[in-house]
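J.: Before I ask anything, let me first share the structure, which is written out below as structure tokens.
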Amino acid sequence: MNNDIPILRLEGIVKTFPGVRALDGVSFNVLPGEVHALMGENGAGKSTLMKVLGGIHQPDEGRILIAEEPVVMTSPIQAKAKGVVFIHQELSLADELSVAENIFLGELPRKTFGRVDWTRLYAETDAILKTLNVGFNARTRVGDLSIANQQMVEIARALTVDPRAVIFDEPTASLTDAEKVVLFDVIADLKTRGVGIIYISHRMEEIFKITDRISVLRDGEYRGTLVTAETDEDKVTQAMIGRSLDLTRSPLQHEMGDIALEVRGLECGALYQDVSFSVRKGEVVGFYGLVGAGRTEIAETIFGLRAPSAGKILINGQEVRIGSPIEAIRLGISLVPEDRKGQGLVLGMNCRDNMTLPQVDDMTAGPFLANGAEVAIFDQYRDKLDIRTPGWRQQVGNLSGGNQQKIVIGKWLSMHPEVLIVDEPTRGIDVGSKSEIHNLIRELAAQGYAVIVISSEMPEVLHVSDRIVAMHNGRITREFTSDEVTEDSLIQAISGIASDKVA
Ligand SMILES: Nc1ncnc2c1ncn2[C@@H]1O[C@H](COP(=O)(O)OP(=O)(O)OP(=O)(O)O)[C@@H](O)[C@H]1O
Ligand SMILES: [Mg+2]
């Protein structure tokens, strides 16, 4: 294959939705064997562009060329037949079906007389799964898999054809480090086979690790293509948001009050044991550890989603039993969950109702009053979190992935909790909004909230926390104040290396 002929070329692509010019004349090309990053803020148009390329949306203007031949993509199946496969940001699997059926959906291998050839189906699926090194098989029901494993099923689905171009839309958002390694191997392999790869992610370190070039969108406009080896994070950020970011920690210092939440000897079966910590009013406590260390499960216990097998929870010094999220909310506890898609949103409902859903109880003073109050809440958090939508009437399902997440964050903030727990607050959020959310977390603490931030990103934890709790394998290994913590000591603490052995 000639390496100079782009495998894909986009020319002047325009796409509008009611009230939104999502793409405004986007042109760039992808070479064979290239990993091409597509970057831009939440709502910049990345997923829309890929949906145009993948046959899901028709462009209003512009052309798509494959190996310099103009093509029209009228459906995902047709795009796939032309060699363009798409791994979506939103998972689109059927929970009730097996892994194999999901992977070959619409294309199940058949015997004569049209019966599904189950033996072949399972064998072919297991062969693909083997290359991905996953811990489930062709017969597993998709609904029983973790989000990360469902993501791996999406990836497996793309590998059933011999693709010419593969689009990954935020593939690593919910993968563990080990799964990321597998994904990057898959990408390296596609690359050596001359496949063109488009890679969307908000994680700069990944972009600089695996991509060759970076194209940037801002508000639907194409802002140019940079060669990864010749640029840096600051230049990419500039192109994305039009300014540099000040990443120094906000100097906001404030008084801390009494202990708002205390946990003593909490245990939940094999998930975590002997967990004790406290959070003061005005304090941000960061929970850092590897995926699977037990942090999310602790949060779920405090929010009434999991019953503890031992230990106590105290709110404002009073021991409490929290049997359900409703009881947690009554006690002033909010949880912004990690899986915001599954636990946070009703996609067919509008933005305002999604945001104000948990508090309808408080607002039944009268239909008109309630309406106005809810819109006011929505407007307030739209400004605070910079949510990009034409208005509150927009269905949440039509917002970009990152903006959907901001709606969930707004929903829990708007309840003015005393104790706010946020699990991976900036996953899928662009760099600019990320620093806004960090500032917001510091601000909330200054207003007297007790905040717990669970994060797998060390810079994030270091940035927002007054105190850091390190976890390994279901246990707290160490606690640090923000003055004493160092990156090395934190890494040791979460990998379970006893500090006395290292010192
Ligand atoms: N089906 C739709 N109907 C109406 N508006 C839409 C639809 N799909 C996307 N949009 C709008 O188009 C714009 C671009 O959205 P898109 O999903 O492409 O952003 P993105 O760059 O992928 O963002 P993110 O990083 O948050 O995933 C947004 O303003 C979004 O609300
Ligand atoms: Mg997107």
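Within each chain, counting starts at residue 1; across the structure tokens, chains are named A, B, ... in the order shown, with ligands numbered 1 upward in that order.
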May I ask you to write as an MDAnalysis selection string all residues lying at most 7 Å from ligand 2, with only C-alpha atoms and all ligand atoms counted?
T.: chainID A and resid 42:43 46:47 89 169 400:402
J.: List all protein, DNA and RNA residues that have any atom at most 10 Å from ligand 1, counting only C-alpha atoms and all ligand atoms, and write the list as a ChimeraX atom specification.
T.: /A:15-23,38-52,57,89-90,169-170,200-202,216-220,387-391,394-406,428-430
J.: Please produce a file of those selected residues containing C-alpha atoms, as a PDB file, in the first residue's frame.
T.:
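That gives us part23.pdb:
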ATOM      1  CA  LYS A  15     -23.479  19.137  10.104  1.00  0.00           C
ATOM      2  CA  THR A  16     -26.189  21.076  11.891  1.00  0.00           C
ATOM      3  CA  PHE A  17     -28.781  20.065  14.452  1.00  0.00           C
ATOM      4  CA  PRO A  18     -31.660  22.294  15.572  1.00  0.00           C
ATOM      5  CA  GLY A  19     -29.971  25.222  17.293  1.00  0.00           C
ATOM      6  CA  VAL A  20     -26.437  23.826  16.954  1.00  0.00           C
ATOM      7  CA  ARG A  21     -23.863  24.014  14.170  1.00  0.00           C
ATOM      8  CA  ALA A  22     -22.026  20.899  15.330  1.00  0.00           C
ATOM      9  CA  LEU A  23     -19.530  20.798  12.442  1.00  0.00           C
ATOM     10  CA  LEU A  38      -9.047  14.065  17.364  1.00  0.00           C
ATOM     11  CA  MET A  39      -9.216  16.549  20.210  1.00  0.00           C
ATOM     12  CA  GLY A  40     -11.482  19.334  21.354  1.00  0.00           C
ATOM     13  CA  GLU A  41     -13.581  20.466  24.297  1.00  0.00           C
ATOM     14  CA  ASN A  42     -16.780  18.735  25.350  1.00  0.00           C
ATOM     15  CA  GLY A  43     -19.278  19.483  22.623  1.00  0.00           C
ATOM     16  CA  ALA A  44     -16.639  20.499  20.046  1.00  0.00           C
ATOM     17  CA  GLY A  45     -18.042  18.019  17.528  1.00  0.00           C
ATOM     18  CA  LYS A  46     -15.695  15.020  17.733  1.00  0.00           C
ATOM     19  CA  SER A  47     -18.312  12.295  18.130  1.00  0.00           C
ATOM     20  CA  THR A  48     -20.571  13.957  15.568  1.00  0.00           C
ATOM     21  CA  LEU A  49     -17.754  13.967  13.021  1.00  0.00           C
ATOM     22  CA  MET A  50     -17.101  10.295  13.654  1.00  0.00           C
ATOM     23  CA  LYS A  51     -20.806   9.520  13.348  1.00  0.00           C
ATOM     24  CA  VAL A  52     -20.757  11.196   9.935  1.00  0.00           C
ATOM     25  CA  HIS A  57     -25.386  10.918  10.440  1.00  0.00           C
ATOM     26  CA  GLN A  89     -18.247   6.434  23.274  1.00  0.00           C
ATOM     27  CA  GLU A  90     -21.705   5.323  24.365  1.00  0.00           C
ATOM     28  CA  ASP A 169     -14.188   7.305  20.649  1.00  0.00           C
ATOM     29  CA  GLU A 170     -12.833   7.625  24.219  1.00  0.00           C
ATOM     30  CA  ILE A 200     -10.498  10.416  20.555  1.00  0.00           C
ATOM     31  CA  SER A 201      -9.484  11.009  24.152  1.00  0.00           C
ATOM     32  CA  HIS A 202      -9.227  13.790  26.709  1.00  0.00           C
ATOM     33  CA  VAL A 216      -8.185  19.871  16.796  1.00  0.00           C
ATOM     34  CA  LEU A 217     -11.812  21.020  16.696  1.00  0.00           C
ATOM     35  CA  ARG A 218     -13.200  24.045  18.496  1.00  0.00           C
ATOM     36  CA  ASP A 219     -16.945  24.770  18.451  1.00  0.00           C
ATOM     37  CA  GLY A 220     -17.340  22.623  15.342  1.00  0.00           C
ATOM     38  CA  ILE A 387     -22.648  23.011  30.003  1.00  0.00           C
ATOM     39  CA  ARG A 388     -23.005  23.373  26.222  1.00  0.00           C
ATOM     40  CA  THR A 389     -26.608  22.995  25.144  1.00  0.00           C
ATOM     41  CA  PRO A 390     -29.015  25.223  23.225  1.00  0.00           C
ATOM     42  CA  GLY A 391     -31.377  25.213  26.227  1.00  0.00           C
ATOM     43  CA  GLN A 394     -32.763  19.660  24.889  1.00  0.00           C
ATOM     44  CA  GLN A 395     -32.909  15.903  25.519  1.00  0.00           C
ATOM     45  CA  VAL A 396     -29.917  14.805  27.526  1.00  0.00           C
ATOM     46  CA  GLY A 397     -29.297  12.027  25.001  1.00  0.00           C
ATOM     47  CA  ASN A 398     -28.466  14.689  22.402  1.00  0.00           C
ATOM     48  CA  LEU A 399     -25.735  16.327  24.480  1.00  0.00           C
ATOM     49  CA  SER A 400     -22.096  15.438  23.952  1.00  0.00           C
ATOM     50  CA  GLY A 401     -20.709  12.780  26.315  1.00  0.00           C
ATOM     51  CA  GLY A 402     -18.835  15.247  28.516  1.00  0.00           C
ATOM     52  CA  ASN A 403     -21.794  17.596  28.791  1.00  0.00           C
ATOM     53  CA  GLN A 404     -24.012  14.711  29.896  1.00  0.00           C
ATOM     54  CA  GLN A 405     -21.589  14.106  32.731  1.00  0.00           C
ATOM     55  CA  LYS A 406     -21.750  17.724  33.745  1.00  0.00           C
ATOM     56  CA  GLY A 428     -14.396  12.162  29.957  1.00  0.00           C
ATOM     57  CA  ILE A 429     -14.241  15.892  30.752  1.00  0.00           C
ATOM     58  CA  ASP A 430     -12.004  18.143  28.623  1.00  0.00           C
TER      59      ASP A 430
END
J.: If DSSP is run on the backbone, what residues of region 188-291 of chain A are helix (DSSP H, G or I)? A reply as a PDB file with N, CA, C and O atoms, in the first residue's frame would be ideal.
T.:
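Here's the written file states03.pdb:
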ATOM      1  N   ALA A 188      -1.424  -0.948  18.215  1.00  0.00           N
ATOM      2  CA  ALA A 188      -0.097  -1.088  17.591  1.00  0.00           C
ATOM      3  C   ALA A 188      -0.150  -2.130  16.475  1.00  0.00           C
ATOM      4  O   ALA A 188       0.450  -1.956  15.411  1.00  0.00           O
ATOM      5  N   ASP A 189      -0.904  -3.187  16.711  1.00  0.00           N
ATOM      6  CA  ASP A 189      -1.021  -4.245  15.717  1.00  0.00           C
ATOM      7  C   ASP A 189      -1.766  -3.752  14.471  1.00  0.00           C
ATOM      8  O   ASP A 189      -1.346  -4.000  13.330  1.00  0.00           O
ATOM      9  N   LEU A 190      -2.863  -3.016  14.694  1.00  0.00           N
ATOM     10  CA  LEU A 190      -3.616  -2.450  13.563  1.00  0.00           C
ATOM     11  C   LEU A 190      -2.704  -1.531  12.737  1.00  0.00           C
ATOM     12  O   LEU A 190      -2.747  -1.524  11.509  1.00  0.00           O
ATOM     13  N   LYS A 191      -1.885  -0.777  13.459  1.00  0.00           N
ATOM     14  CA  LYS A 191      -0.977   0.165  12.833  1.00  0.00           C
ATOM     15  C   LYS A 191       0.001  -0.556  11.899  1.00  0.00           C
ATOM     16  O   LYS A 191       0.182  -0.145  10.755  1.00  0.00           O
ATOM     17  N   THR A 192       0.589  -1.634  12.370  1.00  0.00           N
ATOM     18  CA  THR A 192       1.561  -2.333  11.510  1.00  0.00           C
ATOM     19  C   THR A 192       0.860  -2.956  10.306  1.00  0.00           C
ATOM     20  O   THR A 192       1.487  -3.188   9.288  1.00  0.00           O
ATOM     21  N   MET A 204      -4.272  13.582  27.904  1.00  0.00           N
ATOM     22  CA  MET A 204      -3.090  14.055  27.184  1.00  0.00           C
ATOM     23  C   MET A 204      -1.980  13.012  27.187  1.00  0.00           C
ATOM     24  O   MET A 204      -1.309  12.819  26.180  1.00  0.00           O
ATOM     25  N   GLU A 205      -1.778  12.317  28.346  1.00  0.00           N
ATOM     26  CA  GLU A 205      -0.622  11.421  28.357  1.00  0.00           C
ATOM     27  C   GLU A 205      -0.794  10.304  27.332  1.00  0.00           C
ATOM     28  O   GLU A 205       0.147   9.933  26.648  1.00  0.00           O
ATOM     29  N   GLU A 206      -2.027   9.839  27.132  1.00  0.00           N
ATOM     30  CA  GLU A 206      -2.259   8.815  26.103  1.00  0.00           C
ATOM     31  C   GLU A 206      -2.012   9.371  24.708  1.00  0.00           C
ATOM     32  O   GLU A 206      -1.429   8.719  23.854  1.00  0.00           O
ATOM     33  N   ILE A 207      -2.514  10.560  24.481  1.00  0.00           N
ATOM     34  CA  ILE A 207      -2.370  11.184  23.170  1.00  0.00           C
ATOM     35  C   ILE A 207      -0.894  11.268  22.797  1.00  0.00           C
ATOM     36  O   ILE A 207      -0.500  10.939  21.677  1.00  0.00           O
ATOM     37  N   PHE A 208      -0.080  11.679  23.776  1.00  0.00           N
ATOM     38  CA  PHE A 208       1.343  11.836  23.465  1.00  0.00           C
ATOM     39  C   PHE A 208       2.073  10.511  23.414  1.00  0.00           C
ATOM     40  O   PHE A 208       3.153  10.400  22.860  1.00  0.00           O
ATOM     41  N   LYS A 209       1.474   9.487  23.966  1.00  0.00           N
ATOM     42  CA  LYS A 209       2.110   8.173  23.955  1.00  0.00           C
ATOM     43  C   LYS A 209       1.847   7.431  22.639  1.00  0.00           C
ATOM     44  O   LYS A 209       2.741   6.819  22.086  1.00  0.00           O
ATOM     45  N   ILE A 210       0.615   7.485  22.145  1.00  0.00           N
ATOM     46  CA  ILE A 210       0.305   6.576  21.032  1.00  0.00           C
ATOM     47  C   ILE A 210      -0.028   7.246  19.699  1.00  0.00           C
ATOM     48  O   ILE A 210      -0.179   6.559  18.714  1.00  0.00           O
ATOM     49  N   THR A 228       2.448  15.173  16.497  1.00  0.00           N
ATOM     50  CA  THR A 228       2.569  14.936  17.943  1.00  0.00           C
ATOM     51  C   THR A 228       4.007  15.147  18.446  1.00  0.00           C
ATOM     52  O   THR A 228       4.213  15.788  19.477  1.00  0.00           O
ATOM     53  N   ALA A 229       4.979  14.634  17.688  1.00  0.00           N
ATOM     54  CA  ALA A 229       6.376  14.710  18.148  1.00  0.00           C
ATOM     55  C   ALA A 229       6.896  16.148  18.166  1.00  0.00           C
ATOM     56  O   ALA A 229       7.910  16.436  18.795  1.00  0.00           O
ATOM     57  N   GLU A 230       6.191  17.047  17.467  1.00  0.00           N
ATOM     58  CA  GLU A 230       6.698  18.422  17.379  1.00  0.00           C
ATOM     59  C   GLU A 230       5.881  19.401  18.197  1.00  0.00           C
ATOM     60  O   GLU A 230       6.033  20.599  18.073  1.00  0.00           O
ATOM     61  N   GLU A 233       1.692  19.667  25.289  1.00  0.00           N
ATOM     62  CA  GLU A 233       0.351  19.752  25.866  1.00  0.00           C
ATOM     63  C   GLU A 233      -0.183  21.177  25.828  1.00  0.00           C
ATOM     64  O   GLU A 233      -1.353  21.399  25.549  1.00  0.00           O
ATOM     65  N   ASP A 234       0.683  22.117  26.129  1.00  0.00           N
ATOM     66  CA  ASP A 234       0.229  23.493  26.198  1.00  0.00           C
ATOM     67  C   ASP A 234      -0.265  23.976  24.833  1.00  0.00           C
ATOM     68  O   ASP A 234      -1.313  24.626  24.737  1.00  0.00           O
ATOM     69  N   LYS A 235       0.474  23.618  23.766  1.00  0.00           N
ATOM     70  CA  LYS A 235       0.061  24.053  22.426  1.00  0.00           C
ATOM     71  C   LYS A 235      -1.273  23.411  22.035  1.00  0.00           C
ATOM     72  O   LYS A 235      -2.122  24.053  21.431  1.00  0.00           O
ATOM     73  N   VAL A 236      -1.443  22.140  22.401  1.00  0.00           N
ATOM     74  CA  VAL A 236      -2.702  21.462  22.065  1.00  0.00           C
ATOM     75  C   VAL A 236      -3.855  22.115  22.837  1.00  0.00           C
ATOM     76  O   VAL A 236      -4.924  22.380  22.278  1.00  0.00           O
ATOM     77  N   THR A 237      -3.624  22.401  24.110  1.00  0.00           N
ATOM     78  CA  THR A 237      -4.657  23.055  24.920  1.00  0.00           C
ATOM     79  C   THR A 237      -5.029  24.410  24.330  1.00  0.00           C
ATOM     80  O   THR A 237      -6.209  24.747  24.215  1.00  0.00           O
ATOM     81  N   GLN A 238      -4.012  25.163  23.950  1.00  0.00           N
ATOM     82  CA  GLN A 238      -4.229  26.461  23.294  1.00  0.00           C
ATOM     83  C   GLN A 238      -5.146  26.325  22.087  1.00  0.00           C
ATOM     84  O   GLN A 238      -6.081  27.104  21.920  1.00  0.00           O
ATOM     85  N   ALA A 239      -4.841  25.335  21.243  1.00  0.00           N
ATOM     86  CA  ALA A 239      -5.631  25.151  20.031  1.00  0.00           C
ATOM     87  C   ALA A 239      -7.063  24.752  20.380  1.00  0.00           C
ATOM     88  O   ALA A 239      -8.020  25.169  19.735  1.00  0.00           O
ATOM     89  N   MET A 240      -7.218  23.951  21.447  1.00  0.00           N
ATOM     90  CA  MET A 240      -8.543  23.469  21.832  1.00  0.00           C
ATOM     91  C   MET A 240      -9.413  24.540  22.457  1.00  0.00           C
ATOM     92  O   MET A 240     -10.591  24.653  22.161  1.00  0.00           O
ATOM     93  N   ILE A 241      -8.831  25.296  23.401  1.00  0.00           N
ATOM     94  CA  ILE A 241      -9.677  26.216  24.181  1.00  0.00           C
ATOM     95  C   ILE A 241      -9.285  27.673  23.997  1.00  0.00           C
ATOM     96  O   ILE A 241      -9.892  28.560  24.589  1.00  0.00           O
TER      97      ILE A 241
END
J.: Between A:Asp24, A:Glu154, A:Asp212, A:Asp60, single out the one closest to His88 (chain A), counting only C-alpha atoms.
T.: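 Of all the options, A:Glu154 lies closest to His88 (chain A).
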J.: Which is closer to Ser414 (chain A) than all the others in A:Ser433, A:Ser465, A:Thr176, A:Ser334, using only C-alpha atoms?
T.: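 For Ser414 (chain A), the nearest of the candidates is A:Ser334.
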J.: So that I can check the surroundings of Ser92 (chain A), please list as a list in words every protein, DNA and RNA residue that reaches within 10 Å of it, counting only C-alpha atoms and ignoring chain neighbours fewer than 5 positions away.
T.: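 My reading of the contact set: Ile87, Asn102, Gln150, Gln151 and Glu154 of chain A.
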J.: Grab the residues selected above and save them as a PDB file, in the first residue's frame with all heavy atoms.
T.:
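Writing the result to selection.pdb gives the following:
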ATOM      1  N   ILE A  87     -15.811   2.321  17.202  1.00  0.00           N
ATOM      2  CA  ILE A  87     -16.027   1.890  18.577  1.00  0.00           C
ATOM      3  C   ILE A  87     -16.543   3.090  19.361  1.00  0.00           C
ATOM      4  O   ILE A  87     -15.848   4.085  19.534  1.00  0.00           O
ATOM      5  CB  ILE A  87     -14.721   1.325  19.156  1.00  0.00           C
ATOM      6  CG1 ILE A  87     -14.420   0.034  18.414  1.00  0.00           C
ATOM      7  CG2 ILE A  87     -14.859   1.054  20.647  1.00  0.00           C
ATOM      8  CD1 ILE A  87     -13.004  -0.266  18.267  1.00  0.00           C
ATOM      9  N   ASN A 102     -23.680 -10.410  20.408  1.00  0.00           N
ATOM     10  CA  ASN A 102     -23.447  -8.983  20.280  1.00  0.00           C
ATOM     11  C   ASN A 102     -22.388  -8.687  19.233  1.00  0.00           C
ATOM     12  O   ASN A 102     -22.521  -7.751  18.446  1.00  0.00           O
ATOM     13  CB  ASN A 102     -23.022  -8.390  21.627  1.00  0.00           C
ATOM     14  CG  ASN A 102     -24.204  -7.868  22.416  1.00  0.00           C
ATOM     15  OD1 ASN A 102     -24.732  -6.808  22.101  1.00  0.00           O
ATOM     16  ND2 ASN A 102     -24.634  -8.622  23.407  1.00  0.00           N
ATOM     17  N   GLN A 150     -17.434  -4.604  28.787  1.00  0.00           N
ATOM     18  CA  GLN A 150     -18.352  -4.301  27.689  1.00  0.00           C
ATOM     19  C   GLN A 150     -17.625  -3.505  26.604  1.00  0.00           C
ATOM     20  O   GLN A 150     -17.834  -3.697  25.420  1.00  0.00           O
ATOM     21  CB  GLN A 150     -19.566  -3.520  28.201  1.00  0.00           C
ATOM     22  CG  GLN A 150     -20.430  -4.375  29.110  1.00  0.00           C
ATOM     23  CD  GLN A 150     -21.751  -3.695  29.473  1.00  0.00           C
ATOM     24  OE1 GLN A 150     -22.113  -2.682  28.911  1.00  0.00           O
ATOM     25  NE2 GLN A 150     -22.452  -4.279  30.419  1.00  0.00           N
ATOM     26  N   GLN A 151     -16.749  -2.618  27.064  1.00  0.00           N
ATOM     27  CA  GLN A 151     -15.930  -1.854  26.127  1.00  0.00           C
ATOM     28  C   GLN A 151     -15.077  -2.804  25.286  1.00  0.00           C
ATOM     29  O   GLN A 151     -14.920  -2.622  24.080  1.00  0.00           O
ATOM     30  CB  GLN A 151     -15.041  -0.908  26.942  1.00  0.00           C
ATOM     31  CG  GLN A 151     -14.221   0.056  26.149  1.00  0.00           C
ATOM     32  CD  GLN A 151     -15.054   1.155  25.537  1.00  0.00           C
ATOM     33  OE1 GLN A 151     -15.351   1.108  24.358  1.00  0.00           O
ATOM     34  NE2 GLN A 151     -15.444   2.133  26.331  1.00  0.00           N
ATOM     35  N   GLU A 154     -17.091  -4.238  22.526  1.00  0.00           N
ATOM     36  CA  GLU A 154     -17.191  -3.293  21.406  1.00  0.00           C
ATOM     37  C   GLU A 154     -15.947  -3.365  20.527  1.00  0.00           C
ATOM     38  O   GLU A 154     -16.025  -3.314  19.299  1.00  0.00           O
ATOM     39  CB  GLU A 154     -17.327  -1.853  21.929  1.00  0.00           C
ATOM     40  CG  GLU A 154     -18.651  -1.535  22.572  1.00  0.00           C
ATOM     41  CD  GLU A 154     -19.619  -0.835  21.599  1.00  0.00           C
ATOM     42  OE1 GLU A 154     -19.223  -0.526  20.470  1.00  0.00           O
ATOM     43  OE2 GLU A 154     -20.772  -0.616  21.991  1.00  0.00           O
TER      44      GLU A 154
END
J.: Just asking: which residues within region 202-409 of chain A are strand (DSSP E or B) according to DSSP, as a PyMOL selection string?
T.: chain A and resi 213-218+221-227+259-268+272-280+284-288+310-315+318-320+333-336+350+395
J.: For the selection you just gave me, I'd like the residues written to a file as a compact mmCIF listing (two decimals), in the first residue's frame, keeping N, CA and C atoms.
T.:
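again.txt, written as the output of this step:
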# COMPACT_ATOMS: atom_id res chain seq x y z
N ARG A 213 -0.33 12.16 14.82
CA ARG A 213 -0.74 13.54 14.57
C ARG A 213 -2.01 13.84 15.38
N ILE A 214 -2.29 15.12 15.55
CA ILE A 214 -3.44 15.54 16.36
C ILE A 214 -4.22 16.59 15.58
N SER A 215 -5.48 16.31 15.28
CA SER A 215 -6.32 17.35 14.68
C SER A 215 -7.24 17.90 15.77
N VAL A 216 -7.46 19.21 15.71
CA VAL A 216 -8.18 19.87 16.80
C VAL A 216 -9.46 20.53 16.27
N LEU A 217 -10.55 20.34 16.99
CA LEU A 217 -11.81 21.02 16.70
C LEU A 217 -12.12 22.00 17.83
N ARG A 218 -12.67 23.15 17.46
CA ARG A 218 -13.20 24.05 18.50
C ARG A 218 -14.56 24.55 18.02
N GLU A 221 -15.46 23.92 14.54
CA GLU A 221 -14.54 24.38 13.50
C GLU A 221 -13.22 23.61 13.57
N TYR A 222 -12.64 23.37 12.41
CA TYR A 222 -11.34 22.72 12.35
C TYR A 222 -10.25 23.73 12.66
N ARG A 223 -9.41 23.45 13.66
CA ARG A 223 -8.37 24.40 14.06
C ARG A 223 -6.98 23.95 13.68
N GLY A 224 -6.85 22.94 12.82
CA GLY A 224 -5.53 22.55 12.34
C GLY A 224 -5.07 21.20 12.85
N THR A 225 -3.98 20.73 12.26
CA THR A 225 -3.42 19.42 12.61
C THR A 225 -1.98 19.62 13.05
N LEU A 226 -1.62 19.02 14.18
CA LEU A 226 -0.28 19.14 14.72
C LEU A 226 0.42 17.79 14.66
N VAL A 227 1.73 17.81 14.46
CA VAL A 227 2.51 16.56 14.51
C VAL A 227 2.86 16.32 15.98
N ILE A 259 -16.13 17.62 62.40
CA ILE A 259 -16.17 16.43 61.56
C ILE A 259 -17.60 16.21 61.08
N ALA A 260 -17.78 16.13 59.76
CA ALA A 260 -19.12 15.93 59.20
C ALA A 260 -19.40 14.44 59.02
N LEU A 261 -18.42 13.72 58.55
CA LEU A 261 -18.59 12.29 58.29
C LEU A 261 -17.44 11.53 58.94
N GLU A 262 -17.81 10.48 59.66
CA GLU A 262 -16.76 9.63 60.22
C GLU A 262 -17.14 8.17 59.99
N VAL A 263 -16.13 7.39 59.66
CA VAL A 263 -16.34 5.98 59.40
C VAL A 263 -15.39 5.21 60.30
N ARG A 264 -15.91 4.22 61.04
CA ARG A 264 -15.05 3.46 61.97
C ARG A 264 -15.13 1.97 61.68
N GLY A 265 -14.00 1.39 61.35
CA GLY A 265 -13.90 -0.06 61.16
C GLY A 265 -14.89 -0.62 60.16
N LEU A 266 -15.15 0.15 59.13
CA LEU A 266 -16.16 -0.29 58.15
C LEU A 266 -15.61 -1.45 57.33
N GLU A 267 -16.50 -2.40 57.07
CA GLU A 267 -16.11 -3.57 56.29
C GLU A 267 -17.27 -3.98 55.40
N CYS A 268 -16.95 -4.47 54.21
CA CYS A 268 -18.00 -5.00 53.34
C CYS A 268 -17.46 -6.28 52.73
N TYR A 272 -13.81 -4.67 51.06
CA TYR A 272 -12.85 -3.84 51.81
C TYR A 272 -13.01 -4.14 53.30
N GLN A 273 -11.94 -3.88 54.05
CA GLN A 273 -11.95 -4.20 55.48
C GLN A 273 -11.30 -3.09 56.29
N ASP A 274 -11.79 -2.95 57.53
CA ASP A 274 -11.15 -2.13 58.54
C ASP A 274 -10.88 -0.70 58.04
N VAL A 275 -11.91 -0.10 57.48
CA VAL A 275 -11.76 1.24 56.91
C VAL A 275 -12.23 2.29 57.91
N SER A 276 -11.32 3.15 58.34
CA SER A 276 -11.65 4.23 59.27
C SER A 276 -11.07 5.54 58.75
N PHE A 277 -11.91 6.56 58.69
CA PHE A 277 -11.42 7.88 58.31
C PHE A 277 -12.49 8.90 58.67
N SER A 278 -12.14 10.18 58.59
CA SER A 278 -13.15 11.21 58.82
C SER A 278 -12.93 12.36 57.85
N VAL A 279 -14.00 13.11 57.64
CA VAL A 279 -13.93 14.28 56.77
C VAL A 279 -14.58 15.45 57.50
N ARG A 280 -13.85 16.57 57.57
CA ARG A 280 -14.39 17.76 58.24
C ARG A 280 -15.19 18.63 57.28
N VAL A 284 -11.46 18.70 51.73
CA VAL A 284 -11.53 17.78 50.59
C VAL A 284 -10.59 16.62 50.89
N VAL A 285 -11.14 15.42 50.98
CA VAL A 285 -10.31 14.24 51.19
C VAL A 285 -10.28 13.43 49.90
N GLY A 286 -9.10 13.21 49.37
CA GLY A 286 -8.95 12.45 48.13
C GLY A 286 -8.70 10.99 48.44
N PHE A 287 -9.40 10.11 47.73
CA PHE A 287 -9.15 8.67 47.84
C PHE A 287 -8.42 8.22 46.60
N TYR A 288 -7.19 7.74 46.80
CA TYR A 288 -6.38 7.35 45.66
C TYR A 288 -6.04 5.87 45.75
N ALA A 310 -19.62 -4.88 58.76
CA ALA A 310 -19.20 -4.47 60.11
C ALA A 310 -18.87 -2.99 60.08
N GLY A 311 -18.81 -2.38 61.28
CA GLY A 311 -18.38 -1.00 61.37
C GLY A 311 -19.51 0.00 61.50
N LYS A 312 -19.11 1.25 61.68
CA LYS A 312 -20.07 2.31 61.96
C LYS A 312 -19.88 3.49 61.02
N ILE A 313 -20.99 4.19 60.75
CA ILE A 313 -20.92 5.46 60.03
C ILE A 313 -21.54 6.52 60.92
N LEU A 314 -20.84 7.64 61.10
CA LEU A 314 -21.37 8.73 61.91
C LEU A 314 -21.49 9.99 61.07
N ILE A 315 -22.64 10.65 61.21
CA ILE A 315 -22.84 11.95 60.54
C ILE A 315 -22.99 12.98 61.66
N GLN A 318 -23.22 11.60 65.13
CA GLN A 318 -24.30 10.67 65.46
C GLN A 318 -24.19 9.40 64.62
N GLU A 319 -24.25 8.26 65.26
CA GLU A 319 -24.22 7.05 64.47
C GLU A 319 -25.50 6.94 63.64
N VAL A 320 -25.36 6.57 62.37
CA VAL A 320 -26.54 6.44 61.51
C VAL A 320 -26.54 5.10 60.79
N ILE A 333 -26.24 13.46 52.24
CA ILE A 333 -25.13 12.85 51.50
C ILE A 333 -25.49 12.75 50.02
N SER A 334 -24.58 13.19 49.15
CA SER A 334 -24.77 13.04 47.71
C SER A 334 -23.62 12.22 47.13
N LEU A 335 -23.93 11.40 46.16
CA LEU A 335 -22.88 10.66 45.47
C LEU A 335 -22.98 10.89 43.97
N VAL A 336 -21.92 11.44 43.38
CA VAL A 336 -21.86 11.53 41.92
C VAL A 336 -21.18 10.25 41.47
N ASN A 350 -35.46 15.80 29.26
CA ASN A 350 -34.70 17.02 28.97
C ASN A 350 -33.67 17.32 30.07
N GLN A 395 -33.00 17.23 24.91
CA GLN A 395 -32.91 15.90 25.52
C GLN A 395 -31.47 15.62 25.90
J.: Please list as a VMD selection string every residue within 9 Å of Leu331 (chain A), counting only C-alpha atoms and excluding residues in the same chain fewer than 3 positions away.
T.: chain A and resid 315 320 322 326 to 328 417 to 419
J.: To one decimal in Å, tell me the separation between CA of Leu65 (chain A) and CA of Arg193 (chain A).
T.: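 Separating CA of Leu65 (chain A) from CA of Arg193 (chain A) is a distance of 20.1 Å.
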